[in-house]
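Text of input13.cif, listed as mmCIF, C-alpha atoms:
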data_model
loop_
_atom_site.label_atom_id
_atom_site.label_comp_id
_atom_site.auth_asym_id
_atom_site.auth_seq_id
_atom_site.Cartn_x
_atom_site.Cartn_y
_atom_site.Cartn_z
CA MET N 1 0.00 0.00 0.00
CA LYS N 2 1.18 3.54 -0.75
CA PRO N 3 2.39 5.38 2.37
CA TYR N 4 -0.26 8.09 2.06
CA TYR N 5 -3.10 5.53 2.15
CA GLU N 6 -2.22 4.28 5.62
CA ASN N 7 -4.75 6.49 7.39
CA ILE N 8 -7.63 5.87 4.99
CA ASN N 9 -10.43 3.60 6.16
CA LEU N 10 -12.99 2.87 3.49
CA ASP N 11 -15.90 3.03 5.88
CA PHE N 12 -19.32 4.50 5.22
CA LEU N 13 -18.39 8.01 6.40
CA GLN N 14 -15.29 8.09 4.16
CA ILE N 15 -17.19 6.96 1.08
CA PHE N 16 -20.13 9.25 1.79
CA SER N 17 -17.92 12.33 2.27
CA MET N 18 -16.10 11.62 -1.02
CA ILE N 19 -19.43 11.27 -2.85
CA ILE N 20 -20.59 14.62 -1.43
CA TYR N 21 -17.43 16.23 -2.81
CA LEU N 22 -18.01 14.55 -6.18
CA VAL N 23 -21.46 16.17 -6.38
CA ILE N 24 -19.92 19.56 -5.58
CA PHE N 25 -17.22 19.00 -8.21
CA PHE N 26 -19.82 18.09 -10.81
CA PHE N 27 -21.64 21.40 -10.38
CA LEU N 28 -18.29 23.25 -10.33
CA LEU N 29 -17.18 21.66 -13.61
CA THR N 30 -20.59 22.29 -15.18
CA PHE N 31 -20.40 25.97 -14.21
CA ILE N 32 -16.82 26.33 -15.49
CA SER N 33 -17.67 24.56 -18.76
CA LYS N 34 -20.35 27.16 -19.49
CA LYS N 35 -17.63 29.83 -19.30
CA LEU N 36 -14.91 27.99 -21.22
CA LEU N 37 -16.46 25.55 -23.69
CA LEU N 38 -18.75 25.70 -26.67
CA LYS N 39 -22.37 25.21 -25.66
CA ASP N 40 -22.92 21.46 -25.49
CA ASP N 41 -24.60 21.07 -22.13
CA LYS N 42 -26.01 17.56 -22.48
CA PHE N 43 -22.73 16.00 -23.66
CA ASN N 44 -20.71 17.96 -21.12
CA LYS N 45 -22.87 16.77 -18.23
CA TYR N 46 -22.57 13.14 -19.31
CA TYR N 47 -18.83 13.65 -19.79
CA PHE N 48 -18.33 15.08 -16.30
CA ILE N 49 -20.48 12.39 -14.67
CA THR N 50 -18.46 9.71 -16.48
CA ILE N 51 -15.04 11.11 -15.70
CA LEU N 52 -15.87 11.81 -12.06
CA GLY N 53 -17.22 8.28 -11.72
CA VAL N 54 -14.07 6.84 -13.30
CA TYR N 55 -11.83 8.89 -11.00
CA PHE N 56 -13.81 7.77 -7.95
CA ILE N 57 -13.81 4.07 -8.88
CA LEU N 58 -10.10 4.09 -9.78
CA LEU N 59 -9.20 5.87 -6.56
CA ILE N 60 -11.19 3.45 -4.39
CA GLY N 61 -9.68 0.56 -6.32
CA ASP N 62 -6.15 1.89 -5.88
CA ILE N 63 -6.66 2.31 -2.14
CA LYS N 64 -7.76 -1.31 -2.03
CA PHE N 65 -5.53 -2.98 -4.63
CA ASP N 66 -2.64 -0.49 -5.13
CA TYR N 67 -2.35 -0.68 -8.95
CA ILE N 68 -1.39 2.93 -9.81
CA PRO N 69 2.44 3.21 -10.07
CA LEU N 70 4.21 4.62 -7.03
CA PHE N 71 6.36 7.65 -7.83
CA PRO N 72 9.33 8.14 -5.49
CA ASP N 73 8.45 11.83 -5.00
CA THR N 74 4.97 11.17 -3.65
CA GLU N 75 6.08 10.27 -0.13
CA LEU N 76 8.09 13.50 0.03
CA TYR N 77 5.02 15.47 -1.03
CA TYR N 78 2.81 13.71 1.51
CA ASN N 79 5.25 14.45 4.33
CA PHE N 80 5.27 18.05 3.24
CA LEU N 81 1.47 18.23 3.32
CA ASN N 82 1.49 16.94 6.87
CA ASN N 83 4.13 19.45 7.99
CA SER N 84 6.66 16.74 8.77
CA GLY N 85 9.11 18.72 6.67
CA SER N 86 9.03 22.53 6.61
CA PHE N 87 11.32 22.76 3.58
CA ILE N 88 11.91 20.61 0.57
CA SER N 89 14.08 21.15 -2.46
CA PRO N 90 13.83 22.51 -5.09
CA ILE N 91 12.42 25.74 -3.75
CA GLU N 92 9.40 25.82 -6.09
CA LEU N 93 8.05 22.75 -4.27
CA SER N 94 8.23 24.54 -0.94
CA ARG N 95 6.82 27.81 -2.22
CA GLY N 96 4.63 26.98 -5.22
CA PHE N 97 3.47 23.46 -4.50
CA GLY N 98 3.42 24.18 -0.77
CA LEU N 99 1.10 27.17 -0.99
CA PHE N 100 -1.45 25.59 -3.30
CA SER N 101 -1.35 22.01 -2.07
CA ARG N 102 -1.69 22.91 1.60
CA THR N 103 -4.62 25.18 0.79
CA VAL N 104 -6.34 22.36 -1.09
CA TYR N 105 -5.46 19.94 1.73
CA LEU N 106 -7.12 22.32 4.17
CA PHE N 107 -10.33 22.34 2.09
CA SER N 108 -10.12 18.55 2.09
CA PHE N 109 -10.16 18.55 5.90
CA ASN N 110 -6.73 16.84 5.80
CA ASN N 111 -8.35 13.82 4.15
CA ILE N 112 -5.98 12.42 1.53
CA GLY N 113 -8.79 10.70 -0.38
CA ILE N 114 -10.69 13.95 -0.84
CA TYR N 115 -7.41 15.75 -1.57
CA LEU N 116 -6.74 13.37 -4.48
CA LEU N 117 -10.24 14.03 -5.83
CA PHE N 118 -9.44 17.75 -5.64
CA ASN N 119 -6.23 17.00 -7.52
CA ALA N 120 -8.23 15.25 -10.26
CA ILE N 121 -10.58 18.23 -10.59
CA ILE N 122 -7.68 20.69 -10.84
CA ASN N 123 -6.26 18.49 -13.58
CA GLN N 124 -9.59 18.48 -15.42
CA ILE N 125 -10.00 22.26 -15.13
CA GLY N 126 -6.48 22.64 -16.55
CA ILE N 127 -7.52 20.55 -19.57
CA LEU N 128 -10.63 22.71 -20.09
CA LEU N 129 -8.50 25.86 -19.86
CA LEU N 130 -6.08 24.48 -22.44
CA TRP N 131 -8.96 23.89 -24.85
CA LYS N 132 -10.10 27.47 -24.22
CA SER N 133 -6.63 28.72 -25.16
CA PHE N 134 -6.85 26.75 -28.41
CA MET N 135 -10.28 28.26 -29.14
CA ILE N 136 -8.81 31.75 -28.66
CA TYR N 137 -5.91 30.85 -30.94
CA LYS N 138 -8.29 29.55 -33.62
CA LYS N 139 -10.58 32.57 -33.22
CA ASP N 140 -13.34 30.12 -32.22
CA LYS N 141 -13.07 28.31 -35.58
CA VAL N 142 -13.66 24.98 -33.92
CA THR N 143 -16.74 22.83 -33.82
CA ILE N 144 -18.60 20.97 -31.11
CA LYS N 145 -17.33 17.76 -32.71
CA ASN N 146 -13.73 19.00 -32.33
CA GLN N 147 -14.45 19.80 -28.68
CA ARG N 148 -16.02 16.42 -27.94
CA LEU N 149 -13.13 14.53 -29.52
CA PHE N 150 -10.60 16.61 -27.57
CA LEU N 151 -12.37 15.93 -24.27
CA ILE N 152 -12.65 12.20 -24.98
CA PHE N 153 -9.01 11.83 -26.06
CA SER N 154 -7.73 13.84 -23.10
CA ALA N 155 -9.89 11.75 -20.75
CA ILE N 156 -8.37 8.46 -21.96
CA TYR N 157 -4.79 9.76 -21.88
CA PRO N 158 -3.26 7.17 -19.49
CA VAL N 159 -0.90 9.40 -17.51
CA SER N 160 -3.56 12.09 -17.24
CA ILE N 161 -5.57 9.61 -15.18
CA ILE N 162 -2.50 8.53 -13.21
CA TYR N 163 -1.37 12.08 -12.38
CA ALA N 164 -4.89 13.13 -11.48
CA LEU N 165 -4.91 10.51 -8.72
CA THR N 166 -1.29 10.84 -7.56
CA LEU N 167 0.48 13.17 -5.11
CA LEU N 168 2.44 15.07 -7.75
CA ARG N 169 2.38 18.65 -9.04
CA GLU N 170 1.40 17.73 -12.64
CA SER N 171 -2.25 18.74 -12.09
CA TYR N 172 -1.18 22.10 -10.69
CA PHE N 173 1.22 22.62 -13.58
CA ILE N 174 -1.26 21.84 -16.38
CA PHE N 175 -3.68 24.26 -14.68
CA SER N 176 -1.02 27.00 -14.50
CA PHE N 177 0.37 26.35 -17.96
CA SER N 178 -3.10 26.56 -19.53
CA ILE N 179 -3.67 29.95 -17.91
CA PHE N 180 -0.35 31.08 -19.40
CA LEU N 181 -1.45 29.82 -22.83
CA ILE N 182 -4.71 31.77 -22.63
CA GLY N 183 -2.75 34.91 -21.78
CA VAL N 184 -0.21 34.46 -24.56
CA MET N 185 -2.92 33.76 -27.17
CA LYS N 186 -4.82 36.96 -26.38
CA LYS N 187 -4.29 39.94 -28.68
CA GLU N 188 -3.01 42.26 -25.94
CA LYS N 189 0.79 42.20 -25.72
CA ILE N 190 0.55 42.37 -21.92
CA ASN N 191 -2.52 41.23 -20.03
CA LEU N 192 -3.32 40.10 -16.50
CA VAL N 193 -3.92 36.49 -17.54
CA LEU N 194 -0.47 36.32 -19.15
CA ILE N 195 1.19 37.78 -16.07
CA LEU N 196 -0.69 35.46 -13.70
CA GLY N 197 0.00 32.42 -15.89
CA SER N 198 3.71 33.23 -16.16
CA ILE N 199 4.01 33.57 -12.39
CA LEU N 200 2.15 30.31 -11.75
CA VAL N 201 4.19 28.38 -14.33
CA VAL N 202 7.48 29.58 -12.89
CA ILE N 203 6.61 28.93 -9.24
CA PHE N 204 5.67 25.35 -10.11
CA ARG N 205 8.62 24.74 -12.45
CA ILE N 206 11.26 27.44 -12.33
CA GLN N 207 13.01 25.98 -15.41
CA TYR N 208 10.07 27.16 -17.51
CA ILE N 209 11.12 30.77 -17.07
CA VAL N 210 13.23 30.36 -20.23
CA PHE N 211 10.25 28.88 -22.06
CA CYS N 212 7.95 31.75 -21.02
CA PHE N 213 10.59 34.26 -22.15
CA LEU N 214 11.03 32.65 -25.59
CA ILE N 215 7.30 32.37 -26.25
CA TYR N 216 6.69 35.96 -25.17
CA ILE N 217 9.44 37.25 -27.51
CA ILE N 218 7.79 35.44 -30.41
CA LYS N 219 4.44 36.94 -29.41
CA LEU N 220 5.94 40.45 -29.48
CA VAL N 221 7.56 39.92 -32.86
CA PHE N 222 4.66 38.28 -34.68
CA SER N 223 1.65 39.79 -32.90
CA ASN N 224 1.37 42.26 -35.77
CA LYS N 225 2.40 41.54 -39.36
CA LYS N 226 3.53 45.13 -39.93
CA TYR N 227 7.29 45.61 -40.29
CA ILE N 228 7.82 41.88 -39.82
CA LYS N 229 11.13 41.86 -41.72
CA TYR N 230 12.49 44.71 -39.63
CA LYS N 231 11.42 42.96 -36.43
CA ILE N 232 13.19 39.75 -37.45
CA GLY N 233 16.28 41.75 -38.35
CA PHE N 234 16.17 43.58 -35.02
CA ILE N 235 15.84 40.32 -33.08
CA THR N 236 18.73 38.84 -35.09
CA PHE N 237 20.86 41.88 -34.23
CA LEU N 238 19.97 41.58 -30.54
CA SER N 239 20.38 37.79 -30.37
CA PRO N 240 24.00 37.85 -29.08
CA PHE N 241 22.96 40.21 -26.26
CA MET N 242 19.89 38.08 -25.52
CA TYR N 243 22.10 34.99 -25.41
CA LYS N 244 24.44 36.67 -22.91
CA THR N 245 21.49 37.79 -20.78
CA ILE N 246 19.86 34.34 -20.72
CA ASN N 247 23.23 32.70 -20.04
CA TRP N 248 23.83 35.03 -17.08
CA PHE N 249 20.36 34.41 -15.69
CA THR N 250 20.43 30.61 -16.02
CA SER N 251 23.95 30.44 -14.62
CA LYS N 252 23.11 32.59 -11.61
CA PHE N 253 19.63 31.32 -10.73
CA LEU N 254 19.46 27.83 -12.23
CA GLY N 255 23.12 26.85 -12.03
CA ILE N 256 23.18 25.96 -15.75
CA GLY N 257 25.36 27.83 -18.23
CA LEU N 258 24.06 28.15 -21.77
CA ASN N 259 26.80 26.14 -23.42
CA ALA N 260 27.25 22.50 -24.43
CA ILE N 261 29.69 21.59 -21.65
CA SER N 262 27.57 23.08 -18.86
CA LEU N 263 24.42 21.42 -20.21
CA ARG N 264 26.29 18.12 -20.43
CA ASP N 265 27.56 18.34 -16.86
CA PHE N 266 24.17 19.30 -15.45
CA ARG N 267 22.36 16.48 -17.26
CA ASN N 268 24.93 13.87 -16.27
CA MET N 269 24.98 15.07 -12.66
CA GLN N 270 21.20 14.80 -12.38
CA ARG N 271 21.31 11.41 -14.06
CA ASN N 272 23.80 10.08 -11.51
CA ARG N 273 21.43 10.98 -8.68
CA TYR N 274 18.92 8.46 -10.05
CA LEU N 275 21.44 5.85 -11.21
CA ASP N 276 20.53 3.37 -8.46
CA LYS N 277 16.92 3.25 -9.70
CA GLY N 278 18.06 1.74 -13.00
CA THR N 279 15.75 3.90 -15.13
CA VAL N 280 18.10 6.59 -16.40
CA TYR N 281 19.13 7.57 -19.90
CA PRO N 282 22.80 7.11 -20.91
CA GLU N 283 25.40 9.76 -20.23
CA VAL N 284 26.04 12.39 -22.88
CA ASP N 285 29.47 13.60 -23.99
CA TRP N 286 29.13 17.06 -25.47
CA SER N 287 32.10 19.39 -25.88
CA ASN N 288 30.50 21.69 -28.48
CA TRP N 289 27.14 22.61 -29.96
CA ILE N 290 27.63 20.36 -33.01
CA GLU N 291 27.85 17.26 -30.83
CA LEU N 292 24.83 18.39 -28.83
CA PHE N 293 22.65 18.95 -31.91
CA LYS N 294 23.81 15.64 -33.35
CA ASP N 295 22.30 13.83 -30.33
CA TYR N 296 19.15 15.92 -30.20
CA PRO N 297 16.89 13.88 -32.55
CA ALA N 298 17.50 10.72 -30.51
CA LEU N 299 16.89 12.61 -27.25
CA ILE N 300 13.56 13.90 -28.57
CA ILE N 301 12.45 10.46 -29.76
CA GLN N 302 13.41 8.89 -26.43
CA PHE N 303 11.60 11.62 -24.53
CA LEU N 304 8.40 11.18 -26.54
CA LEU N 305 8.45 7.37 -26.55
CA THR N 306 9.69 6.48 -23.08
CA PRO N 307 9.84 3.73 -21.84
CA PHE N 308 10.52 2.14 -25.25
CA PRO N 309 14.27 1.36 -25.47
CA ILE N 310 15.41 3.94 -28.01
CA LEU N 311 18.76 4.90 -26.45
CA VAL N 312 18.83 2.32 -23.68
CA GLU N 313 18.31 -1.36 -23.05
CA TYR N 314 15.18 -1.61 -20.98
CA ASP N 315 12.42 -4.15 -20.56
CA PHE N 316 9.48 -1.86 -21.22
CA LEU N 317 7.02 -4.71 -20.69
CA ASN N 318 7.80 -4.50 -16.96
CA SER N 319 6.42 -0.95 -16.95
CA ILE N 320 2.89 -1.68 -18.09
CA ALA N 321 1.36 1.72 -17.28
CA TYR N 322 4.17 3.65 -18.97
CA THR N 323 4.15 1.31 -21.97
CA ILE N 324 0.40 1.80 -22.46
CA ASP N 325 1.01 5.54 -22.26
CA ALA N 326 3.76 5.32 -24.92
CA ILE N 327 1.39 3.42 -27.22
CA TYR N 328 -1.19 6.17 -26.70
CA VAL N 329 1.45 8.81 -27.56
CA ILE N 330 2.32 6.92 -30.76
CA VAL N 331 -1.36 7.00 -31.76
CA VAL N 332 -1.57 10.76 -31.09
CA LEU N 333 1.67 11.47 -33.00
CA THR N 334 0.49 9.35 -35.92
CA LEU N 335 -2.84 11.16 -36.11
CA PHE N 336 -1.02 14.49 -35.90
CA LEU N 337 1.23 13.60 -38.84
CA ILE N 338 -1.75 12.36 -40.86
CA ASN N 339 -3.55 15.65 -40.22
CA LEU N 340 -0.43 17.81 -40.72
CA ARG N 341 -1.44 18.87 -44.23
CA TYR N 342 -4.43 20.58 -42.65
CA THR N 343 -2.78 21.95 -39.53
CA TYR N 344 0.53 23.26 -40.88
CA LYS N 345 -0.73 26.85 -40.61
CA ASN N 346 -1.01 26.63 -36.80
CA VAL N 347 2.58 27.81 -36.63
CA PHE N 348 2.56 29.57 -33.29
CA TRP N 349 0.83 26.68 -31.52
CA ILE N 350 3.24 24.18 -33.10
CA PHE N 351 6.22 26.40 -32.31
CA THR N 352 5.16 26.47 -28.66
CA LEU N 353 5.03 22.67 -28.74
CA ILE N 354 8.51 22.48 -30.27
CA VAL N 355 9.97 24.72 -27.56
CA ILE N 356 8.42 22.54 -24.81
CA ILE N 357 9.70 19.33 -26.38
CA ALA N 358 13.16 20.76 -27.11
CA LEU N 359 13.70 22.08 -23.58
CA SER N 360 12.22 19.01 -21.89
CA SER N 361 14.30 16.62 -24.01
CA MET N 362 17.45 18.46 -23.06
CA PHE N 363 16.90 18.23 -19.31
CA GLU N 364 15.28 14.80 -19.07
CA TYR N 365 17.50 12.12 -17.57
CA PHE N 366 15.23 9.33 -16.27
CA PHE N 367 12.21 7.43 -17.54
CA THR N 368 9.45 8.41 -15.14
CA GLY N 369 10.45 12.04 -15.57
CA GLY N 370 10.11 11.68 -19.33
CA VAL N 371 6.59 10.27 -18.97
CA ARG N 372 5.66 13.06 -16.56
CA HIS N 373 7.14 16.04 -18.35
CA ARG N 374 5.78 15.27 -21.82
CA TYR N 375 2.25 15.46 -20.42
CA THR N 376 1.76 19.14 -21.34
CA ALA N 377 3.09 18.66 -24.88
CA ILE N 378 0.84 15.69 -25.64
CA ILE N 379 -2.25 17.48 -24.32
CA MET N 380 -1.36 20.39 -26.66
CA LEU N 381 -1.06 17.99 -29.59
CA ILE N 382 -4.58 16.60 -29.19
CA PRO N 383 -6.48 19.69 -30.48
CA LEU N 384 -4.40 19.64 -33.68
CA ILE N 385 -5.48 16.14 -34.66
CA PHE N 386 -9.17 17.06 -34.71
CA SER N 387 -9.21 20.51 -36.29
CA ASP N 388 -8.72 22.44 -39.55
CA LYS N 389 -10.01 19.78 -41.91
CA LYS N 390 -12.48 22.17 -43.51
CA GLU N 391 -10.10 25.10 -43.86
CA ASN N 392 -8.82 26.35 -47.19
CA LEU N 393 -5.36 24.92 -47.81
CA ASN N 394 -4.35 27.58 -50.34
CA GLY N 395 -3.40 30.17 -47.74
CA SER N 396 0.03 31.68 -47.33
CA ARG N 397 2.75 29.62 -45.68
CA SER N 398 4.79 32.67 -44.77
CA PHE N 399 5.68 33.80 -41.27
CA ASN N 400 2.66 36.06 -41.37
CA VAL N 401 0.56 33.16 -40.10
CA PHE N 402 1.84 34.02 -36.64
CA HIS N 403 -0.46 37.03 -36.45
CA ARG N 404 -3.66 35.03 -36.92
CA TYR N 405 -3.87 33.93 -33.30
CA ILE N 406 -4.31 37.42 -31.87
CA LYS N 407 -7.55 38.40 -33.58
CA ASN N 408 -9.95 37.15 -30.95
#
Structure encoded using structure tokens:
Amino acid sequence: MKPYYENINLDFLQIFSMIIYLVIFFFLLTFISKKLLLKDDKFNKYYFITILGVYFILLIGDIKFDYIPLFPDTELYYNFLNNSGSFISPIELSRGFGLFSRTVYLFSFNNIGIYLLFNAIINQIGILLLWKSFMIYKKDKVTIKNQRLFLIFSAIYPVSIIYALTLLRESYFIFSFSIFLIGVMKKEKINLVLILGSILVVIFRIQYIVFCFLIYIIKLVFSNKKYIKYKIGFITFLSPFMYKTINWFTSKFLGIGLNAISLRDFRNMQRNRYLDKGTVYPEVDWSNWIELFKDYPALIIQFLLTPFPILVEYDFLNSIAYTIDAIYVIVVLTLFLINLRYTYKNVFWIFTLIVIIALSSMFEYFFTGGVRHRYTAIIMLIPLIFSDKKENLNGSRSFNVFHRYIKN
């Protein structure tokens, strides 16, 4: 049994209190869906009833039979919730995760079963917010059918179910990241949603400060098609200074210099911390950028298809949950490639995906981390496989497509 289930007794009062919360969550999700989704009340109600029922049954079953994988970090998080440790590292866990998780734990009356249901609802709201960001990006050129397919595919995403019912920060992060996406897809260069989303993303994963910076620069450059050539030229001129600035920041606050040797040392150092678990990627040996970029395609493939043995020898059949998830990812990637001739104009959305995958692939060093950290990218892929099929394919392929997402 997982350590955080020790104090759960599945008696009548426990089950009844969880059902009461499920009813409250149903009305909360129904209310939120009216604000975020296309009007499809009947389907949405059935969808929420189904997914809440699945979460409840899986949670009760896991308490009884312990079939959801145990992540090493979960015991640390549970101890933190119960104040048995006032500080944990890295700092974003103590500050970001600590603030939000303890608040939710308080509303759960320190009941870990109810807390996990809260976690599942936060995860689901994050998914709804991400779809809203895609609707803003597409200027609402999506259909109810697109929306239904997105909800269904996100609901059957294996690790989405696992993370929703596990003591990790993935639910908090998808919630925060989706708020950031809504802000960055709005036409205003600076807006409160963007600021709030950026803050939330960084306090849950400080490494994403570089990601937020890169995406915001692209937003500034391509938010208006006027003077686009001059903007690109100006950014090119400033790029050495931007490189120096980012290198200084990452070196000072993240302990990672923006060069091949520093990136190599950081990755290998982190890898060695998890060496005894036997689920790490091989060491890298980069002395220059050419060697780094040469390895990059394999790193990306391994990141997306973990736990399949791309760069390592690993019996993936012993990791059933992760293997099922990898099969699901292959299906999503295949559907994306099939639909690419329709979706190629979604440049900004795809660019955001590429930045996530590129940064995550660089810093990923063990299997369970790969499965966890690709979650956001795969959720972002799902809207692309069910949209754009009725759009005119004769439009321009120039960089001007970046400006389309701001006309909301």
- Test item: the PyMOL selection byres ((chain N and resi 54-56) around 12) resolved as a ChimeraX atom specification: /N:15-23,25,47-53,57-63,113-114,116-121,123-124,155-156,160-166
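When the PyMOL selection byres ((chain N and resi 100-110) around 9) is run on the displayed coordinates, the residues it returns are Phe80, Leu81, Asn82, Arg95, Gly96, Phe97, Gly98, Leu99, Asn111, Ile112, Gly113, Ile114, Tyr115, Phe118, Asn119, Arg169 and Tyr172 of chain N.
The gap separating CA of Leu181 (chain N) from CA of Ser133 (chain N) is 5.8 Å, in Å to one decimal.
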- Message: Given the PyMOL selection byres ((chain N and resi 44) around 12) and the file above, list the residues it selects as a VMD selection string.
- Response: chain N and resid 26 to 27 29 to 34 36 to 43 45 to 52 128 144 147 to 149 151 to 152
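For the residues N:Phe180, N:Phe266, N:Phe211, N:Tyr375, ranking by smallest atom-to-atom distance to Ile199 (chain N) using only C-alpha atoms places N:Phe180 first.
Here CA of Ile357 (chain N) is placed at a distance of 14.1 Å from CA of Phe293 (chain N).
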- Item | Selected residue of minimal separation from Ile327 (chain N) among N:Phe65, N:Tyr157, N:Phe134, N:Phe367, counting all atoms listed in the file | N:Tyr157
Padded axis-aligned box of region 46-52 of chain N (3 Å per side), centre and edge lengths, Å, one decimal, as JSON:
{"center_x": -18.8, "center_y": 12.4, "center_z": -15.9, "size_x": 13.5, "size_y": 11.4, "size_z": 13.7}
- Of the listed residues N:Leu130, N:Ile324, N:Leu167, N:Phe303, that which approaches Thr368 (chain N) most closely, counting only C-alpha atoms: N:Phe303
- Note on the structure: Counting all atoms listed in the file, closest pick from N:Trp131, N:Trp286, N:Phe249, N:Phe150 relative to Arg267 (chain N) is N:Trp286
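CA of Pro158 (chain N) to CA of Ala326 (chain N) spans 9.1 Å [interatomic distance, one decimal].
In this comparison, which uses only C-alpha atoms, the residue of N:Lys145, N:Lys138, N:Arg372, N:Arg271 approaching Phe348 (chain N) most closely is N:Lys138.
Taking only C-alpha atoms into account, the protein, DNA and RNA residues within 9 Å of (13.9, 16.5, -20.2) read Arg267, Leu299, Ile300, Phe303, Ile357, Ala358, Leu359, Ser360, Ser361, Met362, Phe363, Glu364, Tyr365, Phe366, Gly369, Gly370, His373 and Arg374 of chain N.
Among the candidates N:Gln14, N:Phe177, N:Leu305, N:Val332, the residue lying nearest to Tyr208 (chain N) is N:Phe177 (atoms considered: all atoms listed in the file).
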How would region 290-295 of chain N look with all heavy atoms restored, written as a tab-separated table (two decimals), keeping the file's coordinate frame?
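Saved the output as out_5.tsv:
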chain	number	residue	atom	x	y	z
N	290	ILE	N	27.83	21.33	-31.92
N	290	ILE	CA	27.63	20.36	-33.01
N	290	ILE	C	27.32	18.98	-32.45
N	290	ILE	O	26.39	18.29	-32.90
N	290	ILE	CB	28.86	20.32	-33.94
N	290	ILE	CG1	29.02	21.66	-34.66
N	290	ILE	CG2	28.71	19.19	-34.96
N	290	ILE	CD1	30.27	21.74	-35.52
N	291	GLU	N	28.09	18.56	-31.45
N	291	GLU	CA	27.85	17.26	-30.83
N	291	GLU	C	26.49	17.22	-30.13
N	291	GLU	O	25.80	16.20	-30.16
N	291	GLU	CB	28.97	16.95	-29.83
N	291	GLU	CG	30.32	16.74	-30.49
N	291	GLU	CD	31.42	16.52	-29.47
N	291	GLU	OE1	31.16	16.71	-28.26
N	291	GLU	OE2	32.55	16.16	-29.87
N	292	LEU	N	26.13	18.32	-29.51
N	292	LEU	CA	24.83	18.39	-28.83
N	292	LEU	C	23.68	18.23	-29.83
N	292	LEU	O	22.78	17.42	-29.64
N	292	LEU	CB	24.71	19.71	-28.07
N	292	LEU	CG	23.50	19.91	-27.16
N	292	LEU	CD1	23.84	20.90	-26.04
N	292	LEU	CD2	22.29	20.46	-27.94
N	293	PHE	N	23.74	19.01	-30.92
N	293	PHE	CA	22.65	18.95	-31.91
N	293	PHE	C	22.61	17.61	-32.63
N	293	PHE	O	21.55	17.17	-33.07
N	293	PHE	CB	22.79	20.09	-32.92
N	293	PHE	CG	22.48	21.44	-32.34
N	293	PHE	CD1	23.35	22.51	-32.52
N	293	PHE	CD2	21.32	21.65	-31.61
N	293	PHE	CE1	23.06	23.76	-31.99
N	293	PHE	CE2	21.02	22.89	-31.06
N	293	PHE	CZ	21.90	23.95	-31.25
N	294	LYS	N	23.76	16.97	-32.74
N	294	LYS	CA	23.81	15.64	-33.35
N	294	LYS	C	23.00	14.63	-32.54
N	294	LYS	O	22.35	13.73	-33.09
N	294	LYS	CB	25.26	15.19	-33.49
N	294	LYS	CG	25.43	13.85	-34.18
N	294	LYS	CD	26.90	13.48	-34.27
N	294	LYS	CE	27.07	12.10	-34.90
N	294	LYS	NZ	28.51	11.71	-34.96
N	295	ASP	N	23.03	14.76	-31.21
N	295	ASP	CA	22.30	13.83	-30.33
N	295	ASP	C	20.84	14.20	-30.15
N	295	ASP	O	20.05	13.39	-29.66
N	295	ASP	CB	22.97	13.81	-28.94
N	295	ASP	CG	24.23	12.99	-28.93
N	295	ASP	OD1	24.51	12.31	-29.94
N	295	ASP	OD2	24.95	13.03	-27.91
